[in-house]
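Visitor: Structure in structure tokens, see below.
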Amino acid sequence: MTIKIAPSILSADFANLGAQVAAVEAGGAEYLHIDVMDGHFVPNITIGPLVVAALRERSRMVFDTHLMIEAPDKYILDFIQAGADLITVHQEACVHLHRTLSLIKEKGARAGVALNPATPWQSLSCILPMVDLVLVMSVNPGFGGQKFIAGALPKIEALARYRQAQGLHYEIQVDGGVNRTTASQVVQAGADVLVAGSALFGTSDPRAEVAQLRAAALT
Ligand code: DX5
Ligand code: ZN
């Protein structure tokens with residue numbers, strides 16, 4: 001089985017962002033998870049396209065942009081032009097989700113949809129054939145370092161079963177509270193992409209920790 005590790009820079013040392021990103025890339029991380037928050041959809045404000053563009057010059061990882069913002073359509077092109085490879089929007093923030101996902105794909109990026117802990121996966125059943133990635137939130141979005149919500153596990157299992165039954169190809173990503181202990185549970189449930197912020201950047205050696213987390217996930 002292969003999984004991908006997506007370090008979340010939300011927990012990185014922002015005064016040393018370039019070096020921290022280089023460390024996890026050298027450690028073998030496949031995706032770089034970039035948490036974009038607007039102070040409206042979630043109670044926090046973080047990163048915009050300028051930071052994405054600056055990092056793009058330094059990294060070849062897949063730039064996985066998690067938009068926790070209202071009305072994401074307004075900013076999709078900006079993030080793609082800044083270098084995002086994958087744009088994930090929240091189901092709860094998109095009244096016209098089909099239109100939003102179509103826009104992401106038209107502009108040349110892969111399209112993901114995130115689900116808050118209280119949102120059932122079935123809300124996506126009509127749209128899953130056009131989705132490249134489903135992000136299952138295992139914390140309430142807004143902050144790093146929160147405790148894993150176990151209710152994410154049956155949601156991951158159901159999305160994996162549905163994918164198999166329907167012959168679909170979306171990746172299943174888990175975000176929030178993923179660490180050496182919870183990683184194997186989410187992988188056993190069927191997750192392909194593991195986001196980890198504090199479990200990587202909260203250690204003294206994020207580079208080495210990427211491999212440790214991967215090993216723990218596969219045990
Ligand atoms: C939370 C963000 C996460 C966050 C995860 O709203 O979407 O990506 O950085 O942080 P950890 O891994 O520390 O729970
Ligand atoms: Zn995230």
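Quick note on naming: the chains in the structure tokens go A, B, ... in the order shown, residues restart at 1 in each chain, and ligands are numbered from 1 in order of appearance.
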Might you pull out every residue within 10 Å of Gln212 in chain A, with only C-alpha atoms counted and same-chain residues fewer than 6 positions away left off, and present them as a list in words?
Guide: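 Once the adjacent positions are removed, what remains is Gly27, Asn179, Arg180, Leu200 and Pro206 of chain A.
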Visitor: Would you output that residue set with N, CA and C atoms, as a PDB file, in the first residue's frame?
Guide:
```pdb
ATOM      1  N   GLY A  27      12.587  15.100   3.419  1.00  0.00           N
ATOM      2  CA  GLY A  27      12.149  13.918   4.162  1.00  0.00           C
ATOM      3  C   GLY A  27      11.219  13.009   3.372  1.00  0.00           C
ATOM      4  N   ASN A 179      -1.300  11.800  13.875  1.00  0.00           N
ATOM      5  CA  ASN A 179       0.024  11.651  14.484  1.00  0.00           C
ATOM      6  C   ASN A 179       0.422  10.175  14.420  1.00  0.00           C
ATOM      7  N   ARG A 180       1.504   9.800  15.057  1.00  0.00           N
ATOM      8  CA  ARG A 180       1.962   8.412  14.957  1.00  0.00           C
ATOM      9  C   ARG A 180       0.928   7.416  15.465  1.00  0.00           C
ATOM     10  N   LEU A 200       4.444  16.934  12.771  1.00  0.00           N
ATOM     11  CA  LEU A 200       5.710  17.052  12.030  1.00  0.00           C
ATOM     12  C   LEU A 200       6.483  18.287  12.482  1.00  0.00           C
ATOM     13  N   PRO A 206      11.628  17.785  11.683  1.00  0.00           N
ATOM     14  CA  PRO A 206      10.491  17.491  10.797  1.00  0.00           C
ATOM     15  C   PRO A 206      10.890  16.608   9.610  1.00  0.00           C
TER      16      PRO A 206
END
```
Visitor: Using only C-alpha atoms and all ligand atoms, determine which residues fall within 7 Å of ligand 2, then list them as a list in words.
Guide: Ser8, His33, Ile34, Asp35, His66 and Asp175 of chain A
Visitor: Those selected residues, please, written with N, CA and C atoms and delivered as an mmCIF file, in the first residue's frame.
Guide:
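The file below, out26.cif, is the result:
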```
data_model
loop_
_atom_site.group_PDB
_atom_site.id
_atom_site.type_symbol
_atom_site.label_atom_id
_atom_site.label_comp_id
_atom_site.auth_asym_id
_atom_site.auth_seq_id
_atom_site.Cartn_x
_atom_site.Cartn_y
_atom_site.Cartn_z
ATOM 1 N N SER A 8 1.361 20.041 6.930
ATOM 2 C CA SER A 8 0.602 21.295 6.963
ATOM 3 C C SER A 8 1.490 22.391 7.521
ATOM 4 N N HIS A 33 0.696 20.849 2.297
ATOM 5 C CA HIS A 33 -0.671 21.252 2.628
ATOM 6 C C HIS A 33 -0.669 22.696 3.126
ATOM 7 N N ILE A 34 -1.397 23.538 2.396
ATOM 8 C CA ILE A 34 -1.381 24.978 2.649
ATOM 9 C C ILE A 34 -2.780 25.392 3.115
ATOM 10 N N ASP A 35 -2.894 25.763 4.366
ATOM 11 C CA ASP A 35 -4.187 26.073 4.976
ATOM 12 C C ASP A 35 -4.504 27.553 4.826
ATOM 13 N N HIS A 66 -5.801 24.105 0.828
ATOM 14 C CA HIS A 66 -7.054 23.851 1.548
ATOM 15 C C HIS A 66 -7.706 25.187 1.864
ATOM 16 N N ASP A 175 -7.407 15.162 7.659
ATOM 17 C CA ASP A 175 -6.765 16.390 8.137
ATOM 18 C C ASP A 175 -7.233 16.700 9.554
#
```
Visitor: Residues within 10 Å of ligand 1 (only C-alpha atoms and all ligand atoms), as JSON, numbers by chain?
Guide: {"A": [6, 7, 8, 9, 10, 11, 12, 33, 34, 35, 36, 37, 42, 43, 44, 65, 66, 67, 68, 114, 116, 135, 136, 137, 138, 139, 140, 141, 142, 143, 144, 145, 146, 147, 148, 174, 175, 176, 177, 178, 179, 194, 195, 196, 197, 198, 199, 200, 201, 202]}
Visitor: As number ranges by chain, list the residues of chain A assigned to strand (DSSP E) by DSSP on the backbone atoms of this structure.
Guide: A: 4-7, 31-37, 62-68, 86-90, 110-115, 133-137, 171-175, 193-196
Visitor: Generate the output file for the selected residues, C-alpha atoms, as a short mmCIF file (atom, residue, chain, number, x, y, z; two decimals), in the first residue's frame.
Guide:
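Wrote selection05.cif, looks like this:
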```
data_model
loop_
_atom_site.label_atom_id
_atom_site.label_comp_id
_atom_site.auth_asym_id
_atom_site.auth_seq_id
_atom_site.Cartn_x
_atom_site.Cartn_y
_atom_site.Cartn_z
CA LYS A 4 1.16 10.22 0.77
CA ILE A 5 2.26 12.55 3.53
CA ALA A 6 1.06 16.18 3.36
CA PRO A 7 2.80 18.38 5.94
CA TYR A 31 2.18 17.06 -0.89
CA LEU A 32 2.57 20.43 0.82
CA HIS A 33 -0.67 21.25 2.63
CA ILE A 34 -1.38 24.98 2.65
CA ASP A 35 -4.19 26.07 4.98
CA VAL A 36 -5.93 29.22 3.78
CA MET A 37 -8.28 30.83 6.33
CA VAL A 62 2.30 18.94 -5.02
CA PHE A 63 0.85 22.16 -3.61
CA ASP A 64 -2.32 21.11 -1.87
CA THR A 65 -4.31 24.23 -1.05
CA HIS A 66 -7.05 23.85 1.55
CA LEU A 67 -9.36 26.83 1.22
CA MET A 68 -11.27 27.41 4.45
CA LEU A 86 -4.77 20.99 -6.07
CA ILE A 87 -7.51 23.27 -4.75
CA THR A 88 -9.79 21.93 -2.04
CA VAL A 89 -12.92 23.87 -1.16
CA HIS A 90 -15.37 23.19 1.67
CA ARG A 110 -7.13 19.17 -9.49
CA ALA A 111 -10.34 19.66 -7.51
CA GLY A 112 -10.91 18.58 -3.92
CA VAL A 113 -13.85 18.89 -1.54
CA ALA A 114 -13.54 19.05 2.25
CA LEU A 115 -16.15 17.88 4.75
CA LEU A 133 -9.84 14.32 -3.67
CA VAL A 134 -12.15 14.21 -0.66
CA LEU A 135 -10.73 15.80 2.47
CA VAL A 136 -12.25 14.33 5.62
CA MET A 137 -11.78 16.82 8.48
CA GLU A 171 -8.10 10.27 -3.19
CA ILE A 172 -9.17 10.27 0.45
CA GLN A 173 -7.30 12.77 2.60
CA VAL A 174 -7.52 13.13 6.37
CA ASP A 175 -6.76 16.39 8.14
CA VAL A 193 -3.21 11.18 1.97
CA LEU A 194 -2.34 12.13 5.56
CA VAL A 195 -2.14 15.78 6.53
CA ALA A 196 0.00 16.43 9.60
#
```
Visitor: Work out how far CA of Met61 in chain A is from CA of Trp121 in chain A, in Å to one decimal.
Guide: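 Between these atoms lies a distance of 28.0 Å.
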